[in-house]
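Below is structure24.pdb, holding PDB, C-alpha atoms.
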MODEL        1
ATOM      1  CA  MET D   1     -28.742  56.076 -33.222
ATOM      2  CA  THR D   2     -28.855  53.749 -36.246
ATOM      3  CA  LYS D   3     -30.229  54.602 -39.694
ATOM      4  CA  GLU D   4     -30.964  52.201 -42.540
ATOM      5  CA  VAL D   5     -30.385  53.648 -46.011
ATOM      6  CA  SER D   6     -31.113  52.401 -49.507
ATOM      7  CA  SER D   7     -29.705  55.104 -51.794
ATOM      8  CA  ILE D   8     -26.780  57.487 -52.201
ATOM      9  CA  SER D   9     -28.965  60.469 -51.252
ATOM     10  CA  GLU D  10     -30.099  58.727 -48.057
ATOM     11  CA  LEU D  11     -26.471  57.826 -47.279
ATOM     12  CA  LYS D  12     -25.372  61.457 -47.701
ATOM     13  CA  SER D  13     -28.205  62.656 -45.492
ATOM     14  CA  ALA D  14     -27.412  60.113 -42.782
ATOM     15  CA  MET D  15     -23.703  60.957 -42.842
ATOM     16  CA  ASN D  16     -24.521  64.660 -42.410
ATOM     17  CA  SER D  17     -26.713  63.923 -39.390
ATOM     18  CA  ASP D  18     -25.751  62.802 -35.890
ATOM     19  CA  VAL D  19     -26.305  59.119 -36.741
ATOM     20  CA  GLN D  20     -23.632  56.834 -35.247
ATOM     21  CA  GLU D  21     -24.381  53.726 -37.343
ATOM     22  CA  ILE D  22     -25.612  53.349 -40.895
ATOM     23  CA  ILE D  23     -26.857  50.049 -42.310
ATOM     24  CA  THR D  24     -27.630  49.207 -45.920
ATOM     25  CA  HIS D  25     -28.752  46.124 -47.807
ATOM     26  CA  ASP D  26     -29.035  47.888 -51.183
ATOM     27  CA  ASP D  27     -26.894  45.849 -53.617
ATOM     28  CA  ASP D  28     -25.349  48.827 -55.415
ATOM     29  CA  LEU D  29     -24.594  50.734 -52.224
ATOM     30  CA  VAL D  30     -23.185  47.626 -50.505
ATOM     31  CA  LYS D  31     -20.848  47.054 -53.477
ATOM     32  CA  LYS D  32     -19.571  50.641 -53.290
ATOM     33  CA  LEU D  33     -19.045  50.569 -49.521
ATOM     34  CA  LYS D  34     -17.271  47.201 -49.693
ATOM     35  CA  ALA D  35     -14.893  48.771 -52.225
ATOM     36  CA  VAL D  36     -14.126  51.528 -49.706
ATOM     37  CA  LYS D  37     -13.611  48.890 -47.012
ATOM     38  CA  LEU D  38     -11.215  47.037 -49.321
ATOM     39  CA  ALA D  39      -9.322  50.248 -50.146
ATOM     40  CA  LYS D  40      -8.914  50.991 -46.441
ATOM     41  CA  SER D  41      -7.256  47.579 -46.042
ATOM     42  CA  TRP D  42      -4.547  48.658 -48.533
ATOM     43  CA  GLY D  43      -3.076  50.840 -45.807
ATOM     44  CA  PRO D  44      -2.791  54.489 -44.812
ATOM     45  CA  ALA D  45      -0.667  55.487 -47.792
ATOM     46  CA  ALA D  46      -3.267  54.194 -50.257
ATOM     47  CA  VAL D  47      -6.126  55.840 -48.357
ATOM     48  CA  GLY D  48      -4.184  59.113 -48.211
ATOM     49  CA  GLY D  49      -3.531  58.918 -51.934
ATOM     50  CA  ILE D  50      -7.174  58.249 -52.716
ATOM     51  CA  ILE D  51      -8.246  61.168 -50.509
ATOM     52  CA  ALA D  52      -5.708  63.385 -52.287
ATOM     53  CA  ALA D  53      -7.136  62.231 -55.650
ATOM     54  CA  VAL D  54     -10.734  63.161 -54.712
ATOM     55  CA  PRO D  55     -10.555  66.719 -56.163
ATOM     56  CA  LEU D  56      -9.114  65.368 -59.435
ATOM     57  CA  VAL D  57     -11.842  62.719 -59.645
ATOM     58  CA  LEU D  58     -14.511  65.360 -59.043
ATOM     59  CA  ALA D  59     -13.008  67.629 -61.689
ATOM     60  CA  THR D  60     -12.561  64.944 -64.349
ATOM     61  CA  GLY D  61     -15.205  62.339 -63.456
ATOM     62  CA  PRO D  62     -14.387  58.861 -64.735
ATOM     63  CA  PHE D  63     -11.071  60.111 -66.120
ATOM     64  CA  GLY D  64      -9.937  60.516 -62.507
ATOM     65  CA  ALA D  65      -9.801  56.725 -62.270
ATOM     66  CA  GLY D  66      -6.175  56.939 -63.363
ATOM     67  CA  ALA D  67      -5.318  58.951 -60.267
ATOM     68  CA  VAL D  68      -7.006  56.434 -57.974
ATOM     69  CA  ALA D  69      -5.489  53.509 -59.896
ATOM     70  CA  ALA D  70      -2.008  54.979 -59.492
ATOM     71  CA  ILE D  71      -2.394  54.717 -55.715
ATOM     72  CA  ALA D  72      -4.329  51.460 -55.552
ATOM     73  CA  PRO D  73      -2.302  48.238 -55.419
ATOM     74  CA  SER D  74      -4.529  46.652 -58.041
ATOM     75  CA  TYR D  75      -6.629  48.225 -60.737
ATOM     76  CA  GLY D  76     -10.068  46.806 -61.293
ATOM     77  CA  VAL D  77     -13.577  46.715 -59.942
ATOM     78  CA  ALA D  78     -12.695  48.271 -56.591
ATOM     79  CA  THR D  79     -10.999  51.279 -58.198
ATOM     80  CA  SER D  80     -13.796  51.978 -60.684
ATOM     81  CA  THR D  81     -16.393  51.503 -57.945
ATOM     82  CA  ILE D  82     -14.574  53.947 -55.666
ATOM     83  CA  VAL D  83     -14.421  56.522 -58.475
ATOM     84  CA  ALA D  84     -18.169  56.096 -59.100
ATOM     85  CA  LEU D  85     -18.858  56.558 -55.394
ATOM     86  CA  ILE D  86     -16.685  59.681 -55.169
ATOM     87  CA  VAL D  87     -18.516  61.195 -58.147
ATOM     88  CA  ALA D  88     -21.914  60.259 -56.669
ATOM     89  CA  VAL D  89     -21.401  61.550 -53.131
ATOM     90  CA  GLY D  90     -19.088  64.501 -53.649
ATOM     91  CA  GLY D  91     -15.794  65.481 -52.093
ATOM     92  CA  THR D  92     -16.436  66.090 -48.407
ATOM     93  CA  ILE D  93     -18.614  63.010 -48.001
ATOM     94  CA  ALA D  94     -16.158  60.859 -49.986
ATOM     95  CA  ILE D  95     -13.287  61.907 -47.733
ATOM     96  CA  SER D  96     -15.461  61.202 -44.689
ATOM     97  CA  LEU D  97     -16.139  57.681 -46.010
ATOM     98  CA  PHE D  98     -12.412  56.974 -45.805
ATOM     99  CA  SER D  99     -11.552  58.857 -42.632
ATOM    100  CA  ASP D 100     -14.535  58.950 -40.273
ATOM    101  CA  TRP D 101     -16.232  55.563 -40.648
ATOM    102  CA  GLU D 102     -15.444  51.905 -39.934
ATOM    103  CA  TYR D 103     -17.100  49.152 -41.955
ATOM    104  CA  VAL D 104     -18.537  45.834 -40.787
ATOM    105  CA  GLU D 105     -20.002  43.356 -43.260
ATOM    106  CA  ILE D 106     -23.295  41.908 -42.095
ATOM    107  CA  GLY D 107     -23.835  38.851 -44.192
ATOM    108  CA  PRO D 108     -23.207  38.665 -47.914
ATOM    109  CA  ASN D 109     -25.766  41.380 -48.735
ATOM    110  CA  GLY D 110     -25.274  44.026 -46.131
ATOM    111  CA  ILE D 111     -22.814  46.422 -44.569
ATOM    112  CA  LYS D 112     -22.846  48.507 -41.420
ATOM    113  CA  MET D 113     -20.844  51.692 -41.026
ATOM    114  CA  LYS D 114     -19.884  52.925 -37.560
ATOM    115  CA  ARG D 115     -18.734  56.468 -36.913
ATOM    116  CA  LYS D 116     -15.218  56.501 -35.380
TER     117      LYS D 116
ENDMDL
END
Any chance you could give the structure as structure tokens?
Amino acid sequence: MTKEVSSISELKSAMNSDVQEIITHDDDLVKKLKAVKLAKSWGPAAVGGIIAAVPLVLATGPFGAGAVAAIAPSYGVATSTIVALIVAVGGTIAISLFSDWEYVEIGPNGIKMKRK
């Protein structure tokens, strides 16, 4: 089953359901999910470090960016976007974004997530 979402709350709801694919064309959400896709390309150590930093990010909000930046190979838009996404979706969902989903870009303005 495929679900199209256009907000963080819809994304969270879809991820908590039995949906196997999630599609979005929402600019803000696409930007955040592309940052996760980029972070996953940094390798398992970086992803593991980001997942380990999730509780710190949730506890400190934007100040947790330092923890994510320490793991990320380059500090910048991707890191701040990932921190914003972690804060917006919460811990369990944020970890699931890194561990349970694969990302496929569909054109310049869309992304599809497939459950592993």
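Among the candidates D:Met1, D:Asp18, D:Gly91, D:Lys114, the residue lying nearest to Ala53 (chain D) is D:Gly91 (atoms considered: only C-alpha atoms).
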Picked residues, the PyMOL selection byres ((chain D and resi 37-39) around 12), as a ChimeraX atom specification: /D:30-36,40-51,68-69,71-83,97-99,101-105,111-113
Need the shell around region 25-29 of chain D: protein/DNA/RNA residues with any atom at most 6 Å away, counting all atoms listed in the file. Skip same-chain ones fewer than 3 positions apart. Format as a ChimeraX atom specification? /D:6,32,109-110
Serialized selection, C-alpha atoms, as a PDB file, keeping the file's coordinate frame:
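New file again.pdb:
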ATOM      1  CA  SER D   6     -31.113  52.401 -49.507  1.00  0.00           C
ATOM      2  CA  LYS D  32     -19.571  50.641 -53.290  1.00  0.00           C
ATOM      3  CA  ASN D 109     -25.766  41.380 -48.735  1.00  0.00           C
ATOM      4  CA  GLY D 110     -25.274  44.026 -46.131  1.00  0.00           C
TER       5      GLY D 110
END
Protein and nucleic acid residues near (-19.1, 65.5, -54.4) (cut-off 12 Å, all atoms listed in the file) as a list in words: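 The residues near that point, listed by chain and number, are Ile8, Ser9, Lys12, Val54, Pro55, Leu56, Val57, Leu58, Ala59, Thr60, Gly61, Val83, Ala84, Leu85, Ile86, Val87, Ala88, Val89, Gly90, Gly91, Thr92, Ile93, Ala94, Ile95, Ser96 and Leu97 of chain D.
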When you count only C-alpha atoms, which of these residues is closest to Glu21 (chain D): D:Asp100, D:Ala52, D:Gly107, D:Glu4?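 Selected residue with least distance to Glu21 (chain D): D:Glu4.
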A straight line from CA of Val5 (chain D) to CA of Ile23 (chain D) spans 6.3 Å
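CA of Pro108 (chain D) sits 16.5 Å away from CA of Ile22 (chain D).
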